Amino acid sequence: MRNCIVVCLSVVVCPFASLFADEPAPDLSKFPKLQGKVVQTLGNFKVFVAPKAGVSFQLDLKVAHKLKTLFFDEQKRRPDAAVALPIVILPAPLAVEAVRYHPNGTFRNLRLVSKMASRSVTIDVVREERDDPMLLVWVIAQEGDRVFAVALLECEADGAFPNRPK
């Protein structure tokens, strides 16, 4: 698995936004909520409680631009609990860097980026097969050109992704 993450990371981290600069900015209000679990983490997210394999995750893409933190295991929190949740702190609001589609216009992948100064967190949402309900989500934390943490998640969407805008 570690070899897979290293190989995949070299593919995921390279930017592809400039290839699709002529694409219109997507309306995230039409995108679904993602729910799943962390498969593996590597590195240090520089937080008090970092996400570990097995913890749950959800991301509502409709409100992604408002997030300041990615929370994990939220559904296990009791209202009276003072237990810290695993988190990844976003340095700035998330912005859509790119959305790619298959030739038939169906969703292929999405890249969200939170960047301030030299620190950034990138979230890549990737659908490997067109009809596969499972999505791979990569959360990549960087300082300049140095990647200091990566989390791989497997998620499902609670609805359909919109097709390529016409």
# chains A, B, ... in the order shown; residues from 1 in each chain; ligands from 1
>>> residues_around(residues="A:Leu67", least_positions_apart="4", cutoff="10 Å", atoms="only C-alpha atoms", output="ChimeraX atom specification")
/A:59-61,63,71,89-90,92-94,114
>>> closest_residue(among="A:Val99, A:Val39, A:Met116, A:Val47", to="A:Ile87", atoms="only C-alpha atoms")
A:Val47
>>> closest_residue(among="A:Thr106, A:Val150, A:Val55, A:Val96", to="A:Gly43", atoms="only C-alpha atoms")
A:Val150
>>> residues_around(residues="A:Phe48", least_positions_apart="6", cutoff="9 Å", atoms="only C-alpha atoms", output="PyMOL selection string")
chain A and resi 84-87
>>> write_last_selection(atoms="N, CA and C atoms", output="mmCIF file, in the first residue's frame")
data_model
loop_
_atom_site.group_PDB
_atom_site.id
_atom_site.type_symbol
_atom_site.label_atom_id
_atom_site.label_comp_id
_atom_site.auth_asym_id
_atom_site.auth_seq_id
_atom_site.Cartn_x
_atom_site.Cartn_y
_atom_site.Cartn_z
ATOM 1 N N ALA A 84 -11.166 15.676 21.808
ATOM 2 C CA ALA A 84 -10.770 16.355 20.579
ATOM 3 C C ALA A 84 -10.975 15.426 19.382
ATOM 4 N N LEU A 85 -11.453 15.998 18.304
ATOM 5 C CA LEU A 85 -11.664 15.245 17.074
ATOM 6 C C LEU A 85 -10.434 15.343 16.183
ATOM 7 N N PRO A 86 -10.185 14.313 15.373
ATOM 8 C CA PRO A 86 -9.120 14.439 14.376
ATOM 9 C C PRO A 86 -9.498 15.521 13.371
ATOM 10 N N ILE A 87 -8.536 16.355 13.013
ATOM 11 C CA ILE A 87 -8.799 17.458 12.088
ATOM 12 C C ILE A 87 -7.622 17.667 11.143
#
>>> residues_around(residues="A:Lys37", least_positions_apart="2", cutoff="8 Å", atoms="only C-alpha atoms", output="list in words")
Gln35, Val39, Ala53, Gly54, Val55, Ser56, Phe57, Leu153, Glu154 and Cys155 of chain A
>>> closest_residue(among="A:Arg100, A:Lys62, A:Arg146, A:Lys46", to="A:Arg164", atoms="only C-alpha atoms")
A:Arg100
>>> atom_distance(atom1="atom CA of A:Ser120", atom2="atom CA of A:Val139")
10.4 Å
